[in-house]
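Participant: This is my_file04.json, which holds JSON, C-alpha atoms and all ligand atoms:
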```json
[["chain", "number", "residue", "atom", "x", "y", "z"],
["F", 177, "MET", "CA", 109.64, 90.14, 42.68],
["F", 178, "THR", "CA", 108.12, 87.10, 41.12],
["F", 179, "ILE", "CA", 105.77, 84.32, 42.02],
["F", 180, "HIS", "CA", 107.53, 81.18, 40.86],
["F", 181, "ARG", "CA", 106.32, 77.83, 39.69],
["F", 182, "ILE", "CA", 107.20, 75.20, 42.31],
["F", 183, "ARG", "CA", 109.76, 72.74, 41.00],
["F", 184, "LEU", "CA", 108.31, 69.24, 41.00],
["F", 185, "LEU", "CA", 109.69, 65.79, 41.81],
["F", 186, "GLY", "CA", 112.02, 64.76, 39.00],
["F", 187, "ASP", "CA", 113.42, 68.24, 38.45],
["F", 188, "PRO", "CA", 117.21, 67.90, 38.97],
["F", 189, "VAL", "CA", 117.39, 71.19, 40.92],
["F", 190, "LEU", "CA", 115.62, 69.43, 43.80],
["F", 191, "ARG", "CA", 118.52, 66.98, 44.02],
["F", 192, "MET", "CA", 121.35, 69.52, 44.07],
["F", 193, "ARG", "CA", 123.33, 70.39, 47.17],
["F", 194, "SER", "CA", 122.59, 74.10, 47.54],
["F", 195, "GLU", "CA", 125.38, 76.65, 47.87],
["F", 196, "PRO", "CA", 125.91, 78.58, 51.12],
["F", 197, "VAL", "CA", 125.00, 82.26, 51.22],
["F", 198, "THR", "CA", 128.22, 84.26, 51.48],
["F", 199, "ASN", "CA", 126.79, 87.78, 51.31],
["F", 200, "HIS", "CA", 123.37, 88.36, 52.82],
["F", 201, "ARG", "CA", 123.26, 91.79, 51.13],
["F", 202, "SER", "CA", 123.75, 90.50, 47.61],
["F", 203, "PRO", "CA", 120.96, 91.27, 45.15],
["F", 204, "ALA", "CA", 120.53, 87.54, 44.45],
["F", 205, "VAL", "CA", 119.89, 86.76, 48.13],
["F", 206, "ARG", "CA", 117.44, 89.63, 48.51],
["F", 207, "LEU", "CA", 115.62, 88.63, 45.35],
["F", 208, "VAL", "CA", 115.33, 84.97, 46.32],
["F", 209, "GLY", "CA", 114.14, 85.98, 49.82],
["F", 210, "THR", "CA", 111.39, 88.15, 48.38],
["F", 211, "ASP", "CA", 110.40, 85.56, 45.79],
["F", 212, "LEU", "CA", 110.17, 82.80, 48.42],
["F", 213, "LYS", "CA", 107.85, 85.00, 50.46],
["F", 214, "GLU", "CA", 105.62, 85.92, 47.53],
["F", 215, "THR", "CA", 105.50, 82.39, 46.18],
["F", 216, "LEU", "CA", 104.57, 80.93, 49.59],
["F", 217, "GLN", "CA", 101.90, 83.56, 50.12],
["F", 218, "ASP", "CA", 100.47, 82.78, 46.70],
["F", 219, "LEU", "CA", 100.39, 79.04, 47.53],
["F", 220, "LYS", "CA", 98.67, 79.78, 50.81],
["F", 221, "ALA", "CA", 96.09, 81.94, 49.10],
["F", 222, "ARG", "CA", 95.35, 79.29, 46.48],
["F", 223, "HIS", "CA", 95.56, 76.09, 48.56],
["F", 224, "GLY", "CA", 94.95, 77.26, 52.11],
["F", 225, "ILE", "CA", 98.04, 75.42, 53.34],
["F", 226, "GLY", "CA", 101.77, 76.05, 53.39],
["F", 227, "ARG", "CA", 104.16, 77.01, 56.15],
["F", 228, "ALA", "CA", 107.53, 77.06, 54.41],
["F", 229, "LEU", "CA", 109.50, 76.82, 51.19],
["F", 230, "SER", "CA", 113.14, 76.22, 50.39],
["F", 231, "ALA", "CA", 115.05, 78.12, 47.70],
["F", 232, "PRO", "CA", 115.67, 75.06, 45.47],
["F", 233, "GLN", "CA", 111.90, 74.63, 45.20],
["F", 234, "ILE", "CA", 111.77, 77.89, 43.23],
["F", 235, "GLY", "CA", 114.81, 76.89, 41.19],
["F", 236, "ALA", "CA", 117.50, 78.68, 43.24],
["F", 237, "PRO", "CA", 120.01, 76.22, 44.73],
["F", 238, "MET", "CA", 121.00, 78.52, 47.62],
["F", 239, "ARG", "CA", 120.91, 77.65, 51.33],
["F", 240, "MET", "CA", 117.84, 79.71, 52.17],
["F", 241, "ILE", "CA", 114.48, 78.76, 53.64],
["F", 242, "TYR", "CA", 111.45, 80.91, 54.24],
["F", 243, "VAL", "CA", 108.96, 80.06, 56.99],
["F", 244, "GLU", "CA", 105.71, 81.86, 57.61],
["F", 245, "ILE", "CA", 103.64, 80.64, 60.53],
["F", 246, "ASP", "CA", 102.88, 83.80, 62.44],
["F", 247, "GLU", "CA", 105.51, 86.14, 61.05],
["F", 248, "PRO", "CA", 107.82, 86.12, 58.03],
["F", 249, "TRP", "CA", 111.03, 84.28, 58.93],
["F", 250, "LEU", "CA", 113.96, 83.97, 56.52],
["F", 251, "LEU", "CA", 116.80, 81.64, 57.48],
["F", 252, "LEU", "CA", 120.13, 81.75, 55.65],
["F", 253, "ASN", "CA", 122.56, 78.82, 55.91],
["F", 254, "PRO", "CA", 120.42, 76.99, 58.49],
["F", 255, "GLU", "CA", 122.18, 74.10, 60.16],
["F", 256, "ILE", "CA", 121.02, 71.62, 62.78],
["F", 257, "ILE", "CA", 123.57, 71.83, 65.57],
["F", 258, "ASP", "CA", 121.89, 69.67, 68.21],
["F", 259, "VAL", "CA", 119.16, 67.03, 68.37],
["F", 260, "GLY", "CA", 117.22, 65.85, 71.40],
["F", 261, "VAL", "CA", 116.89, 62.24, 72.55],
["F", 262, "GLU", "CA", 113.39, 61.65, 71.21],
["F", 263, "ASP", "CA", 112.03, 60.99, 67.72],
["F", 264, "PHE", "CA", 108.49, 61.04, 66.43],
["F", 265, "LEU", "CA", 106.63, 59.81, 63.37],
["F", 266, "VAL", "CA", 105.09, 62.40, 61.09],
["F", 267, "TRP", "CA", 102.84, 62.15, 58.03],
["F", 268, "ASP", "CA", 104.60, 64.74, 55.94],
["F", 269, "SER", "CA", 103.88, 66.33, 52.58],
["F", 270, "CYS", "CA", 105.70, 68.59, 50.15],
["F", 271, "PHE", "CA", 104.68, 71.18, 47.54],
["F", 272, "SER", "CA", 107.06, 69.49, 45.09],
["F", 273, "PHE", "CA", 104.74, 66.46, 44.94],
["F", 274, "PRO", "CA", 101.33, 67.63, 46.03],
["F", 275, "ASP", "CA", 98.80, 65.22, 47.50],
["F", 276, "PHE", "CA", 101.38, 62.55, 48.23],
["F", 277, "MET", "CA", 101.95, 61.84, 51.92],
["F", 278, "VAL", "CA", 105.00, 60.12, 53.36],
["F", 279, "GLN", "CA", 105.42, 58.95, 56.93],
["F", 280, "VAL", "CA", 108.89, 59.96, 58.15],
["F", 281, "GLN", "CA", 110.80, 59.76, 61.40],
["F", 282, "ARG", "CA", 112.12, 63.05, 62.79],
["F", 283, "ALA", "CA", 113.90, 64.33, 65.86],
["F", 284, "TYR", "CA", 111.37, 65.87, 68.25],
["F", 285, "HIS", "CA", 113.72, 68.60, 69.49],
["F", 286, "ILE", "CA", 116.40, 70.33, 67.45],
["F", 287, "ARG", "CA", 118.58, 73.40, 67.75],
["F", 288, "VAL", "CA", 119.26, 75.30, 64.54],
["F", 289, "ASN", "CA", 121.93, 77.87, 63.84],
["F", 290, "TYR", "CA", 121.35, 80.35, 60.98],
["F", 291, "LEU", "CA", 121.88, 83.89, 59.74],
["F", 292, "ASP", "CA", 118.88, 86.15, 59.74],
["F", 293, "ALA", "CA", 118.01, 88.52, 56.88],
["F", 294, "ARG", "CA", 120.41, 91.11, 58.35],
["F", 295, "GLY", "CA", 123.26, 88.62, 58.40],
["F", 296, "LYS", "CA", 123.21, 88.24, 62.18],
["F", 297, "GLU", "CA", 123.92, 84.82, 63.61],
["F", 298, "GLN", "CA", 120.96, 83.32, 65.46],
["F", 299, "GLU", "CA", 120.01, 80.08, 67.20],
["F", 300, "VAL", "CA", 116.55, 78.67, 67.69],
["F", 301, "ASP", "CA", 115.25, 75.70, 69.65],
["F", 302, "ALA", "CA", 112.34, 73.99, 67.97],
["F", 303, "GLN", "CA", 110.18, 71.08, 68.98],
["F", 304, "GLY", "CA", 107.35, 69.02, 67.52],
["F", 305, "PRO", "CA", 105.76, 70.37, 64.32],
["F", 306, "LEU", "CA", 108.22, 73.27, 64.00],
["F", 307, "ALA", "CA", 111.20, 70.94, 64.48],
["F", 308, "GLU", "CA", 109.78, 68.66, 61.79],
["F", 309, "LEU", "CA", 109.19, 71.58, 59.43],
["F", 310, "LEU", "CA", 112.76, 72.86, 59.78],
["F", 311, "GLN", "CA", 114.19, 69.35, 59.26],
["F", 312, "HIS", "CA", 112.10, 69.02, 56.08],
["F", 313, "GLU", "CA", 113.26, 72.36, 54.67],
["F", 314, "ILE", "CA", 116.92, 71.88, 55.64],
["F", 315, "ASP", "CA", 116.82, 68.46, 53.93],
["F", 316, "HIS", "CA", 115.80, 70.26, 50.71],
["F", 317, "LEU", "CA", 119.07, 72.23, 50.83],
["F", 318, "ASP", "CA", 120.95, 68.93, 50.65],
["F", 319, "GLY", "CA", 118.80, 67.54, 47.86],
["F", 320, "VAL", "CA", 116.99, 65.18, 50.26],
["F", 321, "LEU", "CA", 113.23, 64.69, 49.94],
["F", 322, "ILE", "CA", 110.73, 62.94, 52.21],
["F", 323, "VAL", "CA", 110.42, 60.12, 49.65],
["F", 324, "ASP", "CA", 114.01, 59.28, 50.68],
["F", 325, "ARG", "CA", 113.02, 58.90, 54.33],
["F", 326, "PRO", "CA", 110.03, 56.55, 54.50],
["F", 327, "ALA", "CA", 109.43, 55.10, 57.97],
["F", 328, "GLY", "CA", 107.08, 52.35, 59.05],
["F", 329, "LEU", "CA", 105.41, 49.48, 57.22],
["F", 330, "ASP", "CA", 103.19, 51.42, 54.83],
["F", 331, "PRO", "CA", 104.72, 54.88, 54.59],
["F", 332, "PHE", "CA", 103.26, 56.19, 51.32],
["F", 333, "CYS", "CA", 99.72, 57.45, 50.96],
["F", 334, "LEU", "CA", 97.77, 59.68, 48.61],
["F", 335, "ARG", "CA", 96.20, 62.60, 50.47],
["F", 336, "GLU", "CA", 92.69, 61.55, 49.56],
["F", 337, "GLU", "CA", 93.26, 58.08, 51.04],
["F", 338, "TRP", "CA", 95.11, 59.55, 54.00],
["F", 339, "ASN", "CA", 92.09, 61.71, 54.82],
["F", 340, "LYS", "CA", 89.89, 58.61, 54.75],
["F", 341, "HIS", "CA", 92.08, 56.28, 56.77],
["F", 342, "TYR", "CA", 94.27, 58.45, 58.98],
["F", 343, "GLY", "CA", 92.57, 61.83, 59.03],
["F", 344, "ASP", "CA", 91.04, 61.27, 62.45],
["F", 345, "VAL", "CA", 94.34, 60.09, 63.86],
["F", 346, "GLY", "CA", 96.39, 63.13, 62.86],
["F", 347, "LEU", "CA", 99.77, 63.92, 61.41],
["F", 348, "TYR", "CA", 102.02, 63.65, 64.44],
["F", 349, "GLY", "CA", 102.98, 60.63, 66.55],
["F", 350, "GLU", "CA", 104.11, 60.71, 70.14],
["F", 351, "PRO", "CA", 107.70, 61.65, 71.01],
["F", 352, "THR", "CA", 109.52, 58.43, 71.88],
["F", 353, "PRO", "CA", 113.08, 57.83, 73.06],
["F", 354, "ARG", "CA", 115.23, 57.10, 70.00],
["F", 355, "HIS", "CA", 115.90, 53.36, 69.39],
["F", 356, "GLU", "CA", 112.50, 52.36, 70.80],
["F", 357, "PRO", "CA", 109.70, 51.39, 68.41],
["F", 358, "LEU", "CA", 107.85, 54.52, 67.41],
["F", 359, "ALA", "CA", 104.11, 54.83, 67.83],
["F", 360, "SER", "CA", 101.92, 56.49, 65.26],
["F", 361, "ALA", "CA", 99.53, 59.15, 66.37],
["F", 362, "PRO", "CA", 97.25, 57.86, 69.14],
["F", 363, "ILE", "CA", 93.87, 56.63, 67.92],
["A", 401, "ZN", "ZN", 109.23, 70.03, 50.66]]
```
Produce structure tokens that represent the structure in this file.
Facilitator:
Amino acid sequence: MTIHRIRLLGDPVLRMRSEPVTNHRSPAVRLVGTDLKETLQDLKARHGIGRALSAPQIGAPMRMIYVEIDEPWLLLNPEIIDVGVEDFLVWDSCFSFPDFMVQVQRAYHIRVNYLDARGKEQEVDAQGPLAELLQHEIDHLDGVLIVDRPAGLDPFCLREEWNKHYGDVGLYGEPTPRHEPLASAPI
């Protein structure tokens, strides 16, 4: 059980395609699951924010993500198996490049298939902020970062500036049918 340093933008492990979990009982999987939990809880305690981490962010290129919103939630081999007909714009951020915000376009509804910590197959429907969060973390497993997905005319912003100029507007735009121009969060 270890609290890990978060791997930062430029570290090649963030660009690897992570390997699927083949045995949910293996010591490596259990160890990475515990370390993700402890590392996220440490980040939350120190920064007051943080809802999820992916295994490559602690240097383990395995298809595992750990989410903690209300309860601990470990997802092994998560895969998006369906997307709804609407997208939305989100000002997103990532522990691998703190204080740098990127506006991205995400599906508003998704369905995700995964194995839980006991190796049982599960499906979850997610919408809005949770859908965005899962898309962000699943992207990490393919070596994709939000800096690869800028959307809109001026999609990059330091957090300090974001707070000044967009803070009142909020992180999430309105769900909009795909292929129509997306609106930012309502002012
Ligand atoms: Zn991230």
Participant: Please, which residues are within 7 Å of (109.1, 64.9, 64.9) by the file's coordinates, counting all atoms listed in the file, and could they come as a list in words?
Facilitator: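 Residues found, by chain and rising number: Asp263, Phe264, Leu265, Val266, Gln281, Arg282, Ala283, Tyr284, Gly304, Pro305, Ala307 and Glu308 of chain F.
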Participant: Using all atoms listed in the file, find each residue of chain F with at least one atom at most 7 Å away from an atom of ligand ZN 401 (chain A); report its shortest atom-to-atom pair and that distance in Å (one decimal), sort the rows by chain and rising residue number, and return the result as a Markdown table.
Facilitator:
```
| residue | atom | partner | partner_atom | distance |
| --- | --- | --- | --- | --- |
| F:Leu229 | CA | A:ZN401 | ZN | 6.8 |
| F:Ser269 | CA | A:ZN401 | ZN | 6.8 |
| F:Cys270 | CA | A:ZN401 | ZN | 3.8 |
| F:Phe271 | CA | A:ZN401 | ZN | 5.6 |
| F:Ser272 | CA | A:ZN401 | ZN | 6.0 |
| F:His312 | CA | A:ZN401 | ZN | 6.2 |
| F:Glu313 | CA | A:ZN401 | ZN | 6.1 |
| F:His316 | CA | A:ZN401 | ZN | 6.6 |
| F:Leu321 | CA | A:ZN401 | ZN | 6.7 |
```
Participant: What is the CA of Glu214 (chain F)-CA of Ile179 (chain F) distance in Å, reported with one decimal?
Facilitator: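 The value is 5.7 Å.
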Participant: In terms of the shortest atom-to-atom distance over only C-alpha atoms, which of F:Glu356, F:Asp318, F:Glu255, F:Glu247 is closest to Gln217 (chain F)?
Facilitator: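 Looking only at the distances to Gln217 (chain F), the closest residue turns out to be F:Glu247.
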Participant: Around (107.1, 85.0, 50.4) in the file's frame, which residues reach within 12 Å when counting all atoms listed in the file? Return as a PyMOL selection string?
Facilitator: chain F and resi 177-180+206-221+226-231+234+241-245+247-250
Participant: Next, write the just-selected residues to a file, as a PDB file, keeping the file's coordinate frame, keeping C-alpha atoms as the atom set.
Facilitator:
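Writing done, so here's part_37.pdb:
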```
ATOM      1  CA  MET F 177     109.640  90.140  42.680  1.00  0.00           C
ATOM      2  CA  THR F 178     108.120  87.100  41.120  1.00  0.00           C
ATOM      3  CA  ILE F 179     105.770  84.320  42.020  1.00  0.00           C
ATOM      4  CA  HIS F 180     107.530  81.180  40.860  1.00  0.00           C
ATOM      5  CA  ARG F 206     117.440  89.630  48.510  1.00  0.00           C
ATOM      6  CA  LEU F 207     115.620  88.630  45.350  1.00  0.00           C
ATOM      7  CA  VAL F 208     115.330  84.970  46.320  1.00  0.00           C
ATOM      8  CA  GLY F 209     114.140  85.980  49.820  1.00  0.00           C
ATOM      9  CA  THR F 210     111.390  88.150  48.380  1.00  0.00           C
ATOM     10  CA  ASP F 211     110.400  85.560  45.790  1.00  0.00           C
ATOM     11  CA  LEU F 212     110.170  82.800  48.420  1.00  0.00           C
ATOM     12  CA  LYS F 213     107.850  85.000  50.460  1.00  0.00           C
ATOM     13  CA  GLU F 214     105.620  85.920  47.530  1.00  0.00           C
ATOM     14  CA  THR F 215     105.500  82.390  46.180  1.00  0.00           C
ATOM     15  CA  LEU F 216     104.570  80.930  49.590  1.00  0.00           C
ATOM     16  CA  GLN F 217     101.900  83.560  50.120  1.00  0.00           C
ATOM     17  CA  ASP F 218     100.470  82.780  46.700  1.00  0.00           C
ATOM     18  CA  LEU F 219     100.390  79.040  47.530  1.00  0.00           C
ATOM     19  CA  LYS F 220      98.670  79.780  50.810  1.00  0.00           C
ATOM     20  CA  ALA F 221      96.090  81.940  49.100  1.00  0.00           C
ATOM     21  CA  GLY F 226     101.770  76.050  53.390  1.00  0.00           C
ATOM     22  CA  ARG F 227     104.160  77.010  56.150  1.00  0.00           C
ATOM     23  CA  ALA F 228     107.530  77.060  54.410  1.00  0.00           C
ATOM     24  CA  LEU F 229     109.500  76.820  51.190  1.00  0.00           C
ATOM     25  CA  SER F 230     113.140  76.220  50.390  1.00  0.00           C
ATOM     26  CA  ALA F 231     115.050  78.120  47.700  1.00  0.00           C
ATOM     27  CA  ILE F 234     111.770  77.890  43.230  1.00  0.00           C
ATOM     28  CA  ILE F 241     114.480  78.760  53.640  1.00  0.00           C
ATOM     29  CA  TYR F 242     111.450  80.910  54.240  1.00  0.00           C
ATOM     30  CA  VAL F 243     108.960  80.060  56.990  1.00  0.00           C
ATOM     31  CA  GLU F 244     105.710  81.860  57.610  1.00  0.00           C
ATOM     32  CA  ILE F 245     103.640  80.640  60.530  1.00  0.00           C
ATOM     33  CA  GLU F 247     105.510  86.140  61.050  1.00  0.00           C
ATOM     34  CA  PRO F 248     107.820  86.120  58.030  1.00  0.00           C
ATOM     35  CA  TRP F 249     111.030  84.280  58.930  1.00  0.00           C
ATOM     36  CA  LEU F 250     113.960  83.970  56.520  1.00  0.00           C
TER      37      LEU F 250
END
```
Participant: Report as a CSV table (one decimal) with C-alpha atoms, in the coordinates of the input all protein, DNA and RNA residues lying within 12 Å of Tyr342 (chain F), evaluated on all atoms listed in the file, omitting residues in the same chain fewer than 5 positions from it.
Facilitator:
```csv
chain,number,residue,atom,x,y,z
F,266,VAL,CA,105.1,62.4,61.1
F,267,TRP,CA,102.8,62.2,58.0
F,277,MET,CA,102.0,61.8,51.9
F,279,GLN,CA,105.4,59.0,56.9
F,331,PRO,CA,104.7,54.9,54.6
F,333,CYS,CA,99.7,57.4,51.0
F,334,LEU,CA,97.8,59.7,48.6
F,335,ARG,CA,96.2,62.6,50.5
F,336,GLU,CA,92.7,61.6,49.6
F,337,GLU,CA,93.3,58.1,51.0
F,347,LEU,CA,99.8,63.9,61.4
F,348,TYR,CA,102.0,63.6,64.4
F,349,GLY,CA,103.0,60.6,66.6
F,360,SER,CA,101.9,56.5,65.3
F,361,ALA,CA,99.5,59.2,66.4
F,362,PRO,CA,97.2,57.9,69.1
F,363,ILE,CA,93.9,56.6,67.9
```
Participant: Which value, in Å to one decimal, gives the distance between CA of Asp275 (chain F) and CA of Asp315 (chain F)?
Facilitator: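 Going from CA of Asp275 (chain F) over to CA of Asp315 (chain F), I get 19.4 Å.
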Participant: Could you tell me how far CA of Ile286 (chain F) sits from CA of Gln311 (chain F), in Å to one decimal place?
Facilitator: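 About the pair CA of Gln311 (chain F) and CA of Ile286 (chain F): they are 8.5 Å apart.
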Participant: Compare F:Val320, F:Leu251, F:Met240, F:Val280 by their minimum atom-to-atom distance to Glu195 (chain F), counting all atoms listed in the file, and give me the closest one.
Facilitator: F:Met240
Participant: Please define a box with edges along x, y and z of the file around all atoms of region 305-320 of chain F given in the file, extend it by 4 Å on each side, and return its centre and edge lengths in Å to one decimal, as JSON.
Facilitator:
```
{"center_x": 113.4, "center_y": 69.2, "center_z": 56.2, "size_x": 23.2, "size_y": 16.1, "size_z": 24.6}
```
Participant: Using only C-alpha atoms, which protein or nucleic acid residues come within 6 Å of region 196-202 of chain F? Drop anything in the same chain fewer than 6 positions from it, and give the result as a ChimeraX atom specification.
Facilitator: /F:239,253,295
